[in-house]
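Enquirer: Quick one: the structure is below, questions incoming.
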Amino acid sequence: VVVREGVLGTVVGPSSSDSQHRVTVSFSHREDGSRNRLNCVINEIRLYLAGGLEVGARVQALRPVTYDSWSPVLAGSVGTVVGPASEEPLARLLVRWDSQASRDAPTEREVRADDVTLIIAGGFRRGESVAAAKDLRVKGVVVVKQAVVGTVVGQS
């Protein structure tokens, strides 16, 4: 393993060896201690979004959110993450809200990651402990036995 999952990197540009399928990335930490850039296949990396969220994630505002001159996004409002914010992209997200507090306000607004919570099927929340209600199988093979405890990490 040269770079562990979750390590932040910066896209430098297209790879000179295969610009259609690879990008050159400078990672903040490599296991081998090297500072060299890596040419990554595009499915080996993903866009980093604040809060560990992903594009397309459904979120709910935890409190009224006001970072601009528009009416606040109301607590309880629901929306979809569309990408990183233009300002402070490592701490903020751009969310397309299902409804607006004011018809003049834009539907896409920037918020801090801690202003929203991920909506997960079944009403579960990240970090909650859960127990398998039955044996869980993959291709007929039991991979988790009934009653084994796990932690909710997000949507699938």
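Just so we're on the same page: first chain in the structure tokens is A, next is B, and so on; residues restart at 1 for each chain, and ligands are numbered from 1 in the order they show up.
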Using DSSP on the backbone, list every residue of region 5-147 of chain A that comes out as helix (DSSP H, G or I), and give them as a VMD selection string.
Expert: chain A and resid 42 to 44 50 to 52 113 to 115 121 to 123
Enquirer: Could you save the residues just selected, with N, CA, C and O atoms, as a short mmCIF file (atom, residue, chain, number, x, y, z; two decimals), in the first residue's frame?
Expert:
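Saved to again-v5.cif:
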data_model
loop_
_atom_site.label_atom_id
_atom_site.label_comp_id
_atom_site.auth_asym_id
_atom_site.auth_seq_id
_atom_site.Cartn_x
_atom_site.Cartn_y
_atom_site.Cartn_z
N ILE A 42 -8.84 6.81 -12.77
CA ILE A 42 -9.87 7.69 -12.21
C ILE A 42 -10.80 7.02 -11.21
O ILE A 42 -11.33 7.69 -10.33
N ASN A 43 -10.97 5.70 -11.27
CA ASN A 43 -11.82 5.04 -10.27
C ASN A 43 -11.07 4.74 -8.97
O ASN A 43 -11.66 4.20 -8.03
N GLU A 44 -9.79 5.12 -8.89
CA GLU A 44 -9.02 4.92 -7.66
C GLU A 44 -9.11 6.13 -6.73
O GLU A 44 -8.63 6.08 -5.60
N ALA A 50 -16.34 17.95 2.29
CA ALA A 50 -16.36 18.18 3.75
C ALA A 50 -17.35 17.23 4.41
O ALA A 50 -18.39 16.90 3.85
N GLY A 51 -17.02 16.80 5.62
CA GLY A 51 -17.91 15.93 6.38
C GLY A 51 -17.93 14.50 5.90
O GLY A 51 -18.73 13.70 6.35
N GLY A 52 -17.05 14.16 4.94
CA GLY A 52 -17.04 12.80 4.42
C GLY A 52 -18.26 12.48 3.56
O GLY A 52 -18.54 11.32 3.31
N ALA A 113 -20.18 21.84 6.69
CA ALA A 113 -20.53 20.42 6.81
C ALA A 113 -21.25 20.12 8.12
O ALA A 113 -22.12 19.25 8.17
N ASP A 114 -20.91 20.85 9.20
CA ASP A 114 -21.56 20.58 10.49
C ASP A 114 -22.94 21.24 10.61
O ASP A 114 -23.59 21.12 11.63
N ASP A 115 -23.39 21.93 9.56
CA ASP A 115 -24.74 22.50 9.55
C ASP A 115 -25.78 21.48 9.07
O ASP A 115 -26.97 21.74 9.13
N ALA A 121 -31.15 5.73 5.13
CA ALA A 121 -32.35 4.88 5.12
C ALA A 121 -32.61 4.31 6.51
O ALA A 121 -31.69 3.99 7.25
N GLY A 122 -33.88 4.22 6.86
CA GLY A 122 -34.26 3.65 8.15
C GLY A 122 -34.14 4.62 9.31
O GLY A 122 -34.39 4.26 10.45
N GLY A 123 -33.71 5.85 9.02
CA GLY A 123 -33.57 6.84 10.08
C GLY A 123 -32.32 6.66 10.93
O GLY A 123 -32.17 7.32 11.96
#
Enquirer: Identify, on the basis of only C-alpha atoms, every residue whose closest approach to Ile45 (chain A) does not exceed 12 Å; exclude the query and any residue fewer than 2 positions from it along the same chain; express the result as a list in words.
Expert: Val3, Arg4, Glu5, Gly6, Val7, Leu8, Gly9, Thr10, Val11, His21, Arg22, Val23, Thr24, Val25, Ser26, Phe27, Leu38, Asn39, Cys40, Val41, Ile42, Asn43, Leu47 and Tyr48 of chain A
Enquirer: Where does region 85-127 of chain A meet region 142-152 of chain A within 8 Å, residue by residue, with the nearest atom pair and distance in Å to one decimal for each, counting only C-alpha atoms, listed by chain and rising number, as a Markdown table?
Expert:
| residue | atom | partner | partner_atom | distance |
| --- | --- | --- | --- | --- |
| A:Phe124 | CA | A:Val152 | CA | 7.4 |
| A:Arg125 | CA | A:Val152 | CA | 6.7 |
| A:Arg126 | CA | A:Val152 | CA | 5.1 |
| A:Gly127 | CA | A:Val152 | CA | 5.2 |
Enquirer: May I ask which of the residues A:Val141, A:Val59, A:Val130, A:Val2 is the closest one to Val78 (chain A), counting only C-alpha atoms?
Expert: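 Result for the nearest residue to Val78 (chain A): A:Val59.
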Enquirer: Fewer than 5 positions away in the same chain doesn't count, so skip those; otherwise give me all residues within 10 Å of Ala57 (chain A), counting only C-alpha atoms, as number ranges by chain.
Expert: A: 79-83, 95, 117-120, 154-155
Enquirer: Only N, CA, C and O atoms, please: the residues just picked out, written as a PDB file, in the first residue's frame.
Expert:
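What landed in again-v2.pdb:
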ATOM      1  N   GLY A  79     -32.031  18.599   1.244  1.00  0.00           N
ATOM      2  CA  GLY A  79     -31.424  18.880  -0.050  1.00  0.00           C
ATOM      3  C   GLY A  79     -30.443  17.801  -0.457  1.00  0.00           C
ATOM      4  O   GLY A  79     -30.257  16.805   0.243  1.00  0.00           O
ATOM      5  N   THR A  80     -29.795  18.041  -1.598  1.00  0.00           N
ATOM      6  CA  THR A  80     -28.843  17.097  -2.182  1.00  0.00           C
ATOM      7  C   THR A  80     -27.489  17.776  -2.328  1.00  0.00           C
ATOM      8  O   THR A  80     -27.404  18.889  -2.856  1.00  0.00           O
ATOM      9  N   VAL A  81     -26.438  17.108  -1.893  1.00  0.00           N
ATOM     10  CA  VAL A  81     -25.078  17.634  -2.030  1.00  0.00           C
ATOM     11  C   VAL A  81     -24.705  17.598  -3.511  1.00  0.00           C
ATOM     12  O   VAL A  81     -24.826  16.559  -4.164  1.00  0.00           O
ATOM     13  N   VAL A  82     -24.260  18.748  -4.042  1.00  0.00           N
ATOM     14  CA  VAL A  82     -23.870  18.818  -5.448  1.00  0.00           C
ATOM     15  C   VAL A  82     -22.359  18.986  -5.634  1.00  0.00           C
ATOM     16  O   VAL A  82     -21.860  18.819  -6.742  1.00  0.00           O
ATOM     17  N   GLY A  83     -21.622  19.282  -4.563  1.00  0.00           N
ATOM     18  CA  GLY A  83     -20.180  19.399  -4.681  1.00  0.00           C
ATOM     19  C   GLY A  83     -19.591  20.219  -3.558  1.00  0.00           C
ATOM     20  O   GLY A  83     -20.289  20.599  -2.622  1.00  0.00           O
ATOM     21  N   VAL A  95     -25.105  22.701  -1.564  1.00  0.00           N
ATOM     22  CA  VAL A  95     -26.302  21.863  -1.459  1.00  0.00           C
ATOM     23  C   VAL A  95     -27.409  22.472  -2.295  1.00  0.00           C
ATOM     24  O   VAL A  95     -27.638  23.681  -2.254  1.00  0.00           O
ATOM     25  N   THR A 117     -26.913  17.126   8.391  1.00  0.00           N
ATOM     26  CA  THR A 117     -26.720  15.732   8.760  1.00  0.00           C
ATOM     27  C   THR A 117     -27.120  14.866   7.587  1.00  0.00           C
ATOM     28  O   THR A 117     -28.047  15.211   6.837  1.00  0.00           O
ATOM     29  N   LEU A 118     -26.415  13.774   7.391  1.00  0.00           N
ATOM     30  CA  LEU A 118     -26.693  12.839   6.320  1.00  0.00           C
ATOM     31  C   LEU A 118     -28.000  12.110   6.602  1.00  0.00           C
ATOM     32  O   LEU A 118     -28.230  11.646   7.724  1.00  0.00           O
ATOM     33  N   ILE A 119     -28.870  12.017   5.611  1.00  0.00           N
ATOM     34  CA  ILE A 119     -30.103  11.244   5.751  1.00  0.00           C
ATOM     35  C   ILE A 119     -29.796   9.817   5.311  1.00  0.00           C
ATOM     36  O   ILE A 119     -29.372   9.588   4.172  1.00  0.00           O
ATOM     37  N   ILE A 120     -29.989   8.887   6.210  1.00  0.00           N
ATOM     38  CA  ILE A 120     -29.692   7.479   5.942  1.00  0.00           C
ATOM     39  C   ILE A 120     -30.989   6.685   6.032  1.00  0.00           C
ATOM     40  O   ILE A 120     -31.819   6.928   6.919  1.00  0.00           O
ATOM     41  N   GLY A 154     -22.535   5.333   6.952  1.00  0.00           N
ATOM     42  CA  GLY A 154     -23.107   6.201   5.931  1.00  0.00           C
ATOM     43  C   GLY A 154     -24.087   5.454   5.067  1.00  0.00           C
ATOM     44  O   GLY A 154     -24.460   4.325   5.359  1.00  0.00           O
ATOM     45  N   GLN A 155     -24.462   6.109   3.970  1.00  0.00           N
ATOM     46  CA  GLN A 155     -25.365   5.445   3.036  1.00  0.00           C
ATOM     47  C   GLN A 155     -24.560   4.525   2.141  1.00  0.00           C
ATOM     48  O   GLN A 155     -23.356   4.699   2.002  1.00  0.00           O
TER      49      GLN A 155
END
Enquirer: How far is it from CA of Asp104 (chain A) to CA of Arg92 (chain A), in Å with one decimal?
Expert: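 Those two atoms sit 22.5 Å apart.
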Enquirer: Hey, what does DSSP flag as strand (DSSP E or B) within chain A? Can you give it to me as JSON, numbers by chain?
Expert: {"A": [9, 10, 11, 12, 13, 14, 22, 23, 24, 25, 26, 27, 38, 39, 40, 41, 58, 59, 60, 61, 65, 73, 78, 79, 80, 81, 82, 83, 84, 92, 93, 94, 95, 96, 97, 108, 109, 110, 111, 112, 116, 117, 118, 129, 130, 131, 136, 137, 138, 141, 142, 143, 144, 149, 150, 151]}
Enquirer: What is the distance between CA of His29 (chain A) and CA of Ser86 (chain A), in Å to one decimal?
Expert: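 Going from CA of His29 (chain A) over to CA of Ser86 (chain A), I get 24.7 Å.
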Enquirer: Rounded to one decimal place, report the CA of Ala85 (chain A)-CA of Glu108 (chain A) distance in Å.
Expert: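 Separation of CA of Ala85 (chain A) and CA of Glu108 (chain A): 10.2 Å.
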Enquirer: Could you tell me which of A:Ser99, A:Ser34, A:Ser28, A:Ser15 comes closest to Gln60 (chain A) if we count only C-alpha atoms?
Expert: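 Going through A:Ser99, A:Ser34, A:Ser28, A:Ser15 one by one, the smallest distance to Gln60 (chain A) is for A:Ser99.
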Enquirer: Tell me which protein, DNA and RNA residues are within 12 Å of Arg103 (chain A), counting only C-alpha atoms, leaving out same-chain ones fewer than 5 positions away, and put them as a ChimeraX atom specification.
Expert: /A:70-73,98
Enquirer: Produce a file of the selected residues containing C-alpha atoms, as a tab-separated table (two decimals), in the first residue's frame.
Expert:
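What landed in selection_16.tsv:
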chain	number	residue	atom	x	y	z
A	70	TRP	CA	-30.38	35.59	1.23
A	71	SER	CA	-33.08	34.34	3.61
A	72	PRO	CA	-31.77	31.53	5.82
A	73	VAL	CA	-32.12	27.89	4.92
A	98	ASP	CA	-35.63	20.96	-2.28
Enquirer: Val1 (chain A): which residues within 9 Å, counting only C-alpha atoms, same-chain residues fewer than 4 positions away excluded, as a ChimeraX atom specification?
Expert: /A:30-32
